[in-house]
$ cat my_file20.txt   # compact mmCIF, C-alpha atoms and all ligand atoms
# COMPACT_ATOMS: atom_id res chain seq x y z
CA MET A 1 -30.59 -11.52 182.30
CA THR A 2 -28.54 -12.39 179.24
CA GLN A 3 -29.55 -16.00 178.56
CA MET A 4 -32.95 -17.51 177.89
CA LYS A 5 -34.52 -20.82 176.98
CA ALA A 6 -35.67 -21.26 173.36
CA ALA A 7 -37.07 -24.23 171.45
CA VAL A 8 -34.49 -24.91 168.75
CA ILE A 9 -34.93 -27.17 165.70
CA ALA A 10 -31.57 -28.31 164.35
CA GLY A 11 -32.77 -29.58 160.96
CA ALA A 12 -35.75 -30.89 158.98
CA ASN A 13 -37.75 -33.36 161.11
CA ALA A 14 -35.38 -32.89 164.05
CA PRO A 15 -36.96 -32.77 167.52
CA TRP A 16 -37.68 -29.43 169.18
CA VAL A 17 -35.09 -29.04 171.93
CA LEU A 18 -35.00 -26.45 174.70
CA GLU A 19 -31.63 -24.70 174.56
CA ASP A 20 -29.93 -21.65 176.03
CA ARG A 21 -29.84 -18.70 173.68
CA PRO A 22 -28.90 -15.04 174.21
CA VAL A 23 -31.82 -12.77 175.07
CA PRO A 24 -32.41 -10.67 171.90
CA GLU A 25 -31.11 -7.10 171.71
CA VAL A 26 -33.77 -4.40 171.78
CA GLY A 27 -33.24 -2.17 168.75
CA PRO A 28 -34.83 1.22 168.08
CA ASN A 29 -38.64 0.95 167.74
CA ASP A 30 -38.55 -2.54 169.27
CA VAL A 31 -40.17 -3.95 172.36
CA LEU A 32 -38.74 -6.84 174.34
CA VAL A 33 -41.54 -9.27 175.22
CA ARG A 34 -41.36 -11.91 177.96
CA ILE A 35 -43.28 -14.64 176.13
CA ARG A 36 -45.85 -16.50 178.26
CA ALA A 37 -47.51 -18.70 175.63
CA CYS A 38 -47.18 -19.57 171.95
CA GLY A 39 -49.37 -21.87 169.86
CA ILE A 40 -48.17 -24.33 167.23
CA CYS A 41 -49.66 -23.64 163.81
CA GLY A 42 -49.87 -25.93 160.78
CA THR A 43 -47.34 -23.68 159.06
CA ASP A 44 -44.88 -24.39 161.89
CA VAL A 45 -45.16 -28.11 161.20
CA TRP A 46 -44.43 -27.51 157.52
CA MET A 47 -41.37 -25.39 158.29
CA ALA A 48 -40.14 -27.87 160.92
CA ASN A 49 -40.37 -30.83 158.54
CA GLY A 50 -38.81 -28.89 155.66
CA THR A 51 -41.90 -28.74 153.40
CA LEU A 52 -41.71 -24.94 153.56
CA SER A 53 -38.40 -23.13 153.78
CA PHE A 54 -37.86 -19.42 154.40
CA HIS A 55 -34.80 -19.54 156.62
CA GLU A 56 -31.92 -21.94 157.18
CA PHE A 57 -31.92 -24.32 160.13
CA PRO A 58 -31.50 -24.12 163.10
CA LEU A 59 -34.92 -22.52 163.53
CA VAL A 60 -36.78 -20.95 166.42
CA LEU A 61 -40.38 -20.89 165.19
CA GLY A 62 -43.49 -19.30 166.71
CA HIS A 63 -45.91 -16.73 165.31
CA GLU A 64 -48.64 -17.08 167.95
CA GLY A 65 -46.60 -15.58 170.78
CA VAL A 66 -48.11 -13.52 173.60
CA GLY A 67 -46.61 -12.06 176.75
CA GLU A 68 -45.73 -8.82 178.48
CA VAL A 69 -43.47 -5.98 177.42
CA VAL A 70 -40.43 -5.83 179.72
CA ALA A 71 -38.34 -3.22 177.88
CA VAL A 72 -38.84 -0.71 175.09
CA GLY A 73 -36.27 0.51 172.58
CA GLU A 74 -35.43 4.04 171.58
CA GLY A 75 -38.31 5.90 169.95
CA VAL A 76 -41.11 3.60 171.15
CA THR A 77 -44.20 5.55 172.21
CA LYS A 78 -46.92 3.09 171.27
CA ARG A 79 -46.15 0.46 173.94
CA LYS A 80 -44.87 0.62 177.49
CA VAL A 81 -43.39 -1.79 180.01
CA GLY A 82 -46.17 -3.95 181.44
CA ASP A 83 -48.39 -3.97 178.33
CA ARG A 84 -49.77 -7.40 177.46
CA VAL A 85 -49.17 -7.94 173.74
CA GLY A 86 -49.20 -10.50 170.96
CA ILE A 87 -46.85 -10.71 167.99
CA PRO A 88 -48.48 -11.99 164.78
CA MET A 89 -46.55 -13.46 161.89
CA ALA A 90 -46.55 -10.35 159.66
CA GLN A 91 -44.56 -8.06 161.96
CA LYS A 92 -42.99 -5.47 159.68
CA VAL A 93 -42.46 -4.65 156.04
CA CYS A 94 -39.35 -3.03 154.61
CA GLY A 95 -41.12 0.24 153.76
CA VAL A 96 -38.92 1.02 150.78
CA CYS A 97 -39.77 -1.52 148.05
CA ASP A 98 -42.28 -0.84 145.26
CA PHE A 99 -44.95 -2.91 147.03
CA CYS A 100 -44.46 -1.06 150.32
CA HIS A 101 -44.77 2.30 148.55
CA GLN A 102 -48.38 1.34 147.83
CA GLU A 103 -49.10 1.40 151.64
CA HIS A 104 -51.17 -1.77 152.01
CA PRO A 105 -52.36 -3.13 155.36
CA ILE A 106 -49.95 -5.67 156.77
CA SER A 107 -50.97 -9.29 156.15
CA PHE A 108 -49.65 -12.49 154.57
CA VAL A 109 -49.92 -10.66 151.24
CA SER A 110 -47.30 -8.17 152.47
CA GLY A 111 -45.11 -11.08 153.49
CA VAL A 112 -45.32 -12.56 150.02
CA ASN A 113 -44.84 -9.31 148.08
CA CYS A 114 -42.55 -7.07 150.16
CA ALA A 115 -38.92 -7.37 149.07
CA SER A 116 -37.70 -7.84 152.66
CA PRO A 117 -40.48 -8.53 155.18
CA THR A 118 -39.99 -9.31 158.87
CA LEU A 119 -42.13 -12.38 159.52
CA THR A 120 -42.13 -13.54 163.13
CA GLY A 121 -40.94 -17.11 163.45
CA VAL A 122 -40.48 -17.33 159.68
CA THR A 123 -37.80 -14.95 158.40
CA VAL A 124 -36.66 -14.07 161.96
CA ASN A 125 -36.66 -16.03 165.21
CA GLY A 126 -40.09 -16.56 166.69
CA ALA A 127 -41.85 -16.86 170.01
CA PHE A 128 -41.05 -20.41 171.11
CA ALA A 129 -38.63 -18.72 173.50
CA GLU A 130 -38.72 -16.88 176.80
CA TYR A 131 -38.03 -13.54 175.10
CA ILE A 132 -38.55 -12.00 171.70
CA ALA A 133 -37.71 -8.53 170.37
CA ALA A 134 -40.30 -7.23 167.92
CA ASP A 135 -41.19 -3.99 166.19
CA ALA A 136 -43.63 -2.15 168.48
CA ASN A 137 -45.90 -1.47 165.49
CA GLY A 138 -45.97 -5.19 164.76
CA THR A 139 -47.56 -5.98 168.12
CA VAL A 140 -51.19 -5.93 169.17
CA LEU A 141 -52.48 -5.11 172.66
CA LEU A 142 -54.32 -7.98 174.33
CA PRO A 143 -57.73 -7.06 175.71
CA ASP A 144 -58.42 -7.42 179.44
CA GLY A 145 -59.97 -10.71 180.38
CA ILE A 146 -58.13 -12.88 177.87
CA THR A 147 -55.67 -15.45 179.19
CA TYR A 148 -52.33 -15.95 177.48
CA GLU A 149 -53.30 -19.57 176.75
CA ASP A 150 -56.43 -18.44 174.89
CA ALA A 151 -54.80 -15.43 173.23
CA ALA A 152 -51.97 -17.49 171.70
CA PRO A 153 -54.06 -19.58 169.27
CA THR A 154 -56.02 -16.46 168.34
CA MET A 155 -52.84 -14.79 167.02
CA CYS A 156 -52.87 -16.90 163.85
CA ALA A 157 -55.67 -19.52 163.90
CA GLY A 158 -58.42 -17.28 165.27
CA TYR A 159 -57.20 -14.34 163.19
CA THR A 160 -57.24 -16.54 160.07
CA VAL A 161 -60.85 -17.69 160.38
CA TRP A 162 -62.29 -14.37 161.53
CA ALA A 163 -60.49 -12.38 158.80
CA ALA A 164 -61.82 -14.88 156.25
CA LEU A 165 -65.39 -14.49 157.43
CA ARG A 166 -65.04 -10.69 157.42
CA LYS A 167 -63.61 -10.74 153.90
CA VAL A 168 -66.60 -12.72 152.59
CA ASP A 169 -68.94 -10.37 154.48
CA PRO A 170 -71.98 -12.70 154.43
CA LYS A 171 -75.46 -11.21 154.57
CA PRO A 172 -77.17 -11.19 157.96
CA GLY A 173 -78.67 -14.62 158.59
CA ALA A 174 -76.52 -16.30 155.94
CA ARG A 175 -75.85 -20.02 156.14
CA ILE A 176 -72.16 -20.71 156.76
CA ALA A 177 -70.69 -24.18 156.30
CA VAL A 178 -67.38 -24.88 158.01
CA VAL A 179 -65.57 -27.70 156.25
CA GLY A 180 -63.28 -29.51 158.67
CA VAL A 181 -63.47 -29.52 162.48
CA GLY A 182 -59.83 -29.09 163.49
CA GLY A 183 -57.49 -26.34 164.65
CA LEU A 184 -59.11 -23.74 162.39
CA GLY A 185 -62.55 -25.32 161.99
CA HIS A 186 -63.39 -25.55 165.70
CA LEU A 187 -62.77 -21.80 165.89
CA ALA A 188 -64.59 -21.01 162.64
CA ILE A 189 -67.78 -22.69 163.95
CA GLN A 190 -67.64 -20.54 167.09
CA TYR A 191 -66.83 -17.26 165.32
CA ALA A 192 -69.58 -17.76 162.71
CA LYS A 193 -72.09 -18.60 165.45
CA ALA A 194 -71.01 -15.67 167.64
CA ALA A 195 -71.46 -13.36 164.64
CA GLY A 196 -75.08 -14.53 164.32
CA TYR A 197 -74.95 -16.86 161.33
CA HIS A 198 -76.57 -20.25 160.80
CA VAL A 199 -73.69 -22.72 161.01
CA THR A 200 -73.29 -26.14 159.47
CA ALA A 201 -70.23 -28.22 160.25
CA VAL A 202 -69.07 -30.57 157.51
CA THR A 203 -66.95 -33.44 158.81
CA ARG A 204 -66.48 -37.07 157.85
CA THR A 205 -65.31 -37.97 161.34
CA PRO A 206 -68.36 -39.32 163.21
CA ASP A 207 -66.87 -38.71 166.64
CA LYS A 208 -66.62 -34.98 165.88
CA HIS A 209 -70.37 -34.57 165.25
CA GLU A 210 -71.36 -34.10 168.89
CA LEU A 211 -68.38 -31.83 169.51
CA ALA A 212 -69.30 -29.65 166.51
CA ARG A 213 -72.80 -29.22 168.00
CA GLN A 214 -71.34 -28.30 171.38
CA LEU A 215 -69.19 -25.68 169.65
CA GLY A 216 -72.35 -24.12 168.23
CA ALA A 217 -73.06 -25.82 164.90
CA ASP A 218 -76.81 -25.84 164.14
CA VAL A 219 -76.40 -28.78 161.77
CA VAL A 220 -73.64 -31.33 161.25
CA VAL A 221 -73.29 -33.25 157.98
CA ALA A 222 -70.73 -35.57 156.44
CA ASP A 223 -70.49 -34.32 152.84
CA GLY A 224 -71.75 -32.03 150.10
CA GLU A 225 -74.86 -34.08 149.28
CA ALA A 226 -75.92 -34.05 152.91
CA LEU A 227 -75.16 -30.32 153.06
CA ARG A 228 -77.48 -29.72 150.10
CA ALA A 229 -80.19 -31.92 151.63
CA SER A 230 -79.97 -29.94 154.88
CA GLY A 231 -80.66 -26.63 153.13
CA GLY A 232 -77.27 -25.76 151.66
CA ALA A 233 -74.82 -22.99 152.44
CA ASP A 234 -74.14 -19.48 151.18
CA VAL A 235 -70.50 -19.69 152.25
CA LEU A 236 -68.06 -22.58 152.57
CA MET A 237 -65.18 -21.92 154.94
CA HIS A 238 -62.29 -24.10 153.81
CA THR A 239 -60.48 -24.87 157.06
CA GLY A 240 -59.41 -28.44 156.37
CA SER A 241 -56.31 -30.18 155.17
CA SER A 242 -57.92 -31.53 151.97
CA HIS A 243 -59.09 -29.53 148.96
CA ALA A 244 -61.00 -32.56 147.67
CA VAL A 245 -63.32 -32.49 150.69
CA VAL A 246 -64.13 -28.83 150.03
CA VAL A 247 -64.75 -29.42 146.34
CA ASP A 248 -67.13 -32.23 147.35
CA ALA A 249 -68.87 -29.87 149.80
CA MET A 250 -69.52 -27.47 146.89
CA ALA A 251 -72.38 -29.82 145.98
CA GLY A 252 -74.19 -28.12 148.86
CA LEU A 253 -73.30 -24.54 147.90
CA LYS A 254 -76.29 -22.36 147.05
CA PRO A 255 -76.45 -20.26 143.87
CA TRP A 256 -73.95 -17.35 143.99
CA GLY A 257 -72.26 -19.09 146.91
CA LYS A 258 -68.72 -18.31 148.00
CA VAL A 259 -65.83 -20.57 148.97
CA VAL A 260 -63.24 -18.89 151.16
CA VAL A 261 -59.79 -20.46 151.16
CA MET A 262 -57.63 -19.56 154.17
CA GLY A 263 -55.09 -22.35 154.26
CA VAL A 264 -53.25 -24.66 151.96
CA ALA A 265 -53.72 -28.38 151.62
CA THR A 266 -51.24 -30.67 149.92
CA ASP A 267 -53.63 -32.13 147.35
CA GLU A 268 -54.44 -30.39 144.07
CA MET A 269 -57.53 -28.11 144.16
CA VAL A 270 -59.59 -29.17 141.14
CA LEU A 271 -62.59 -26.89 140.76
CA PRO A 272 -65.73 -27.88 138.85
CA ALA A 273 -65.93 -25.31 136.02
CA GLY A 274 -69.60 -25.98 135.24
CA PRO A 275 -71.05 -25.13 138.67
CA LEU A 276 -68.55 -22.26 139.06
CA ALA A 277 -69.85 -20.61 135.91
CA PHE A 278 -73.52 -21.57 135.93
CA GLN A 279 -74.11 -21.06 139.66
CA GLY A 280 -72.07 -17.84 139.73
CA TYR A 281 -69.84 -19.16 142.50
CA GLU A 282 -66.86 -17.21 143.82
CA VAL A 283 -63.66 -18.68 145.24
CA ILE A 284 -61.96 -16.15 147.51
CA GLY A 285 -58.52 -16.24 149.10
CA SER A 286 -57.99 -14.78 152.56
CA ALA A 287 -54.67 -13.94 154.23
CA HIS A 288 -55.25 -12.32 157.66
CA ASN A 289 -56.06 -9.11 155.75
CA GLY A 290 -55.05 -6.54 158.41
CA MET A 291 -54.51 -6.20 162.16
CA GLU A 292 -57.98 -4.73 162.77
CA TYR A 293 -59.37 -8.24 162.24
CA LEU A 294 -56.95 -9.66 164.78
CA VAL A 295 -58.17 -7.10 167.31
CA GLU A 296 -61.76 -8.14 166.58
CA ALA A 297 -60.86 -11.83 166.84
CA LEU A 298 -59.23 -11.29 170.26
CA GLY A 299 -62.34 -9.39 171.40
CA PHE A 300 -64.61 -12.41 170.83
CA VAL A 301 -62.32 -14.55 172.97
CA ALA A 302 -61.98 -11.90 175.69
CA ARG A 303 -65.79 -11.66 175.92
CA GLY A 304 -66.09 -15.43 176.23
CA GLU A 305 -67.98 -15.81 172.95
CA VAL A 306 -65.23 -17.95 171.43
CA LYS A 307 -63.14 -20.41 173.43
CA PRO A 308 -60.13 -22.03 171.75
CA MET A 309 -59.68 -25.70 172.66
CA VAL A 310 -56.06 -25.94 173.70
CA GLU A 311 -53.71 -28.55 175.04
CA ILE A 312 -51.11 -26.86 177.21
CA PHE A 313 -47.49 -27.98 177.33
CA PRO A 314 -44.95 -26.31 179.62
CA LYS A 315 -41.77 -25.36 177.75
CA GLU A 316 -39.91 -28.40 179.09
CA ARG A 317 -42.35 -30.55 177.08
CA VAL A 318 -42.07 -28.57 173.81
CA GLY A 319 -40.92 -31.73 172.00
CA GLU A 320 -44.15 -33.48 172.98
CA ALA A 321 -46.17 -30.45 171.93
CA TYR A 322 -44.67 -30.64 168.44
CA GLU A 323 -45.34 -34.38 168.30
CA ALA A 324 -48.99 -33.79 169.21
CA ALA A 325 -49.38 -30.99 166.66
CA SER A 326 -47.58 -32.73 163.82
CA THR A 327 -49.42 -36.04 164.21
CA GLY A 328 -52.82 -34.38 164.57
CA LYS A 329 -53.23 -35.75 168.10
CA ALA A 330 -53.59 -32.33 169.74
CA ARG A 331 -57.23 -31.37 170.41
CA PHE A 332 -57.12 -28.86 168.81
CA LYS A 333 -54.30 -26.41 169.36
CA ALA A 334 -51.06 -27.23 171.12
CA VAL A 335 -49.93 -24.24 173.19
CA VAL A 336 -46.51 -24.05 174.81
CA THR A 337 -46.14 -21.94 177.97
CA PHE A 338 -42.92 -20.16 178.90
ZN ZN B 1 -50.05 -19.73 161.54
ZN ZN B 2 -41.22 -3.85 151.24

$ encode --input "my_file20.txt" --output "structure tokens" --more "lines below"
Ligand SMILES: [Zn+2]
Ligand SMILES: [Zn+2]
Amino acid sequence: MTQMKAAVIAGANAPWVLEDRPVPEVGPNDVLVRIRACGICGTDVWMANGTLSFHEFPLVLGHEGVGEVVAVGEGVTKRKVGDRVGIPMAQKVCGVCDFCHQEHPISFVSGVNCASPTLTGVTVNGAFAEYIAADANGTVLLPDGITYEDAAPTMCAGYTVWAALRKVDPKPGARIAVVGVGGLGHLAIQYAKAAGYHVTAVTRTPDKHELARQLGADVVVADGEALRASGGADVLMHTGSSHAVVVDAMAGLKPWGKVVVMGVATDEMVLPAGPLAFQGYEVIGSAHNGMEYLVEALGFVARGEVKPMVEIFPKERVGEAYEAASTGKARFKAVVTF
């Protein structure tokens, strides 16, 4: 086996096209993974349309890849052939720059600060391909009982929302408001509920109200005033594509409340200084924060406590999958199978 199929993007806004590519070489400390599924993330859309640029086109994206190990490189003891693994975005750091000498857990923060990070599907080819070679230490074992289709969106989306909730560390019984019911939000509602919190979904889309309840939301409201009227929230999880909606929802934030920001929207985030100061609010950034949270996030899915809503596209339809993800038509995560 020397050739494989990969989804290649020739340039900004170009369609995703399945092409033949060489199967990657397995270097020392690498595993070769036969990819079975990979989810499309919002970041992929931004790289595909040229909004974000880390690597020259043509690109093979994909940082939600999962599959089985089919070969191991020299020196690999941590994984073996047959292991079911996932490869998150932050795969490896250089180890020799000033930042790496401080020995931080690997996360987006490493990717931003390391002088030469290996970021799956960002700085190196990703998992929208039949095979990927990755550093064995940059993989995570999938728990028994999780399907590849459910594991894929957990590799970034699920990891993102669970790591954010863990970073805020709400008190038992706290009231969590999830702002936005989309790719991240539909998972955030489920994770917060599974962890035992009172959950309010904040969405302006009326046809998502019933769905938010089915996902586990105790209360569903349209905006910050309604959030306040319903009893308010100790934590706002910012999962949406608009900062303005989150700033509006802060009207329903209780004293000493926390806003956790885990994604980036394109509008300017204009924070109200008065409430921030006088209510003692905190605005907290979250960036995956370490692989232990990914393991926890996968555990919820494996136990059936969280169920990603996915639309599956076989690799031959990868172009359609991108269309669905980039136009917001996918409900809620587009997953490509290989
Ligand atoms: Zn992502
Ligand atoms: Zn480094």

$ residues_near_ligand --input "my_file20.txt" --ligand "ligand ZN 1 (chain B)" --cutoff "9 Å" --atoms "only C-alpha atoms and all ligand atoms" --output "PyMOL selection string"
chain A and resi 39-44+62-64+88-89+153+155-157+160

$ closest_atom_pairs --input "my_file20.txt" --of "range 135-187 of chain A" --to "range 217-236 of chain A" --cutoff "6 Å" --atoms "all atoms listed in the file" --output "CSV"
residue,atom,partner,partner_atom,distance
A:Arg175,CA,A:Ala233,CA,4.9
A:Ile176,CA,A:Val235,CA,4.9
A:Ala177,CA,A:Leu236,CA,4.8
A:Val178,CA,A:Leu236,CA,5.9

$ closest_residue --input "my_file20.txt" --among "A:Asp150, A:Asp135, A:Glu103, A:Asp207" --to "Val336 in chain A" --atoms "only C-alpha atoms"
A:Asp150

$ atom_distance --input "my_file20.txt" --atom1 "CA of Thr118 in chain A" --atom2 "CA of Thr337 in chain A"
23.7 Å

$ residues_near_ligand --input "my_file20.txt" --ligand "ligand ZN 2 (chain B)" --cutoff "9 Å" --atoms "only C-alpha atoms and all ligand atoms" --output "list in words"
Lys92, Val93, Cys94, Gly95, Val96, Cys97, Asp98, Phe99, Cys100, His101, Ser110, Gly111, Asn113, Cys114, Ala115, Ser116 and Pro117 of chain A

$ residues_near_point --input "my_file20.txt" --point "(-51.0, -16.6, 180.9)" --cutoff "9 Å" --atoms "all atoms listed in the file" --output "list in words"
Arg36, Ala37, Val66, Gly67, Ile146, Thr147, Tyr148, Glu149, Asp150, Ala151 and Thr337 of chain A

$ write_last_selection --input "my_file20.txt" --atoms "C-alpha atoms" --output "PDB file, in the frame of the given file"
ATOM      1  CA  ARG A  36     -45.850 -16.500 178.260  1.00  0.00           C
ATOM      2  CA  ALA A  37     -47.510 -18.700 175.630  1.00  0.00           C
ATOM      3  CA  VAL A  66     -48.110 -13.520 173.600  1.00  0.00           C
ATOM      4  CA  GLY A  67     -46.610 -12.060 176.750  1.00  0.00           C
ATOM      5  CA  ILE A 146     -58.130 -12.880 177.870  1.00  0.00           C
ATOM      6  CA  THR A 147     -55.670 -15.450 179.190  1.00  0.00           C
ATOM      7  CA  TYR A 148     -52.330 -15.950 177.480  1.00  0.00           C
ATOM      8  CA  GLU A 149     -53.300 -19.570 176.750  1.00  0.00           C
ATOM      9  CA  ASP A 150     -56.430 -18.440 174.890  1.00  0.00           C
ATOM     10  CA  ALA A 151     -54.800 -15.430 173.230  1.00  0.00           C
ATOM     11  CA  THR A 337     -46.140 -21.940 177.970  1.00  0.00           C
TER      12      THR A 337
END

$ axis_aligned_box --input "my_file20.txt" --around "range 64-80 of chain A" --padding-each-side "8 Å" --output "JSON"
{"center_x": -42.0, "center_y": -5.6, "center_z": 173.8, "size_x": 29.2, "size_y": 39.0, "size_z": 27.8}

$ atom_distance --input "my_file20.txt" --atom1 "CA of Val26 in chain A" --atom2 "CA of Ala90 in chain A"
18.6 Å

$ closest_residue --input "my_file20.txt" --among "A:Val122, A:Lys167, A:Arg34, A:Arg204" --to "Ser53 in chain A" --atoms "all atoms listed in the file"
A:Val122

$ closest_residue --input "my_file20.txt" --among "A:Leu276, A:Ala334, A:Ile189, A:Ala244" --to "Gly257 in chain A" --atoms "all atoms listed in the file"
A:Leu276

$ atom_distance --input "my_file20.txt" --atom1 "CA of Gly285 in chain A" --atom2 "CA of Val112 in chain A"
13.7 Å

$ residues_near_point --input "my_file20.txt" --point "(-58.1, -19.3, 163.5)" --cutoff "9 Å" --atoms "all atoms listed in the file" --output "PDB file with C-alpha atoms, in the coordinates of the input"
ATOM      1  CA  PRO A 153     -54.060 -19.580 169.270  1.00  0.00           C
ATOM      2  CA  THR A 154     -56.020 -16.460 168.340  1.00  0.00           C
ATOM      3  CA  MET A 155     -52.840 -14.790 167.020  1.00  0.00           C
ATOM      4  CA  CYS A 156     -52.870 -16.900 163.850  1.00  0.00           C
ATOM      5  CA  ALA A 157     -55.670 -19.520 163.900  1.00  0.00           C
ATOM      6  CA  GLY A 158     -58.420 -17.280 165.270  1.00  0.00           C
ATOM      7  CA  TYR A 159     -57.200 -14.340 163.190  1.00  0.00           C
ATOM      8  CA  THR A 160     -57.240 -16.540 160.070  1.00  0.00           C
ATOM      9  CA  VAL A 161     -60.850 -17.690 160.380  1.00  0.00           C
ATOM     10  CA  TRP A 162     -62.290 -14.370 161.530  1.00  0.00           C
ATOM     11  CA  ALA A 163     -60.490 -12.380 158.800  1.00  0.00           C
ATOM     12  CA  GLY A 183     -57.490 -26.340 164.650  1.00  0.00           C
ATOM     13  CA  LEU A 184     -59.110 -23.740 162.390  1.00  0.00           C
ATOM     14  CA  GLY A 185     -62.550 -25.320 161.990  1.00  0.00           C
ATOM     15  CA  HIS A 186     -63.390 -25.550 165.700  1.00  0.00           C
ATOM     16  CA  LEU A 187     -62.770 -21.800 165.890  1.00  0.00           C
ATOM     17  CA  ALA A 188     -64.590 -21.010 162.640  1.00  0.00           C
ATOM     18  CA  THR A 239     -60.480 -24.870 157.060  1.00  0.00           C
ATOM     19  CA  ALA A 297     -60.860 -11.830 166.840  1.00  0.00           C
ATOM     20  CA  PRO A 308     -60.130 -22.030 171.750  1.00  0.00           C
TER      21      PRO A 308
END

$ closest_residue --input "my_file20.txt" --among "A:Asn137, A:Asn125, A:Ser242, A:Asn49" --to "Asp30 in chain A" --atoms "only C-alpha atoms"
A:Asn137

$ closest_residue --input "my_file20.txt" --among "A:Tyr131, A:Gly216, A:Ala287, A:Gly11" --to "Leu165 in chain A" --atoms "all atoms listed in the file"
A:Ala287

$ closest_residue --input "my_file20.txt" --among "A:Val85, A:Val179, A:Ile284, A:Val310" --to "Asp144 in chain A" --atoms "all atoms listed in the file"
A:Val85
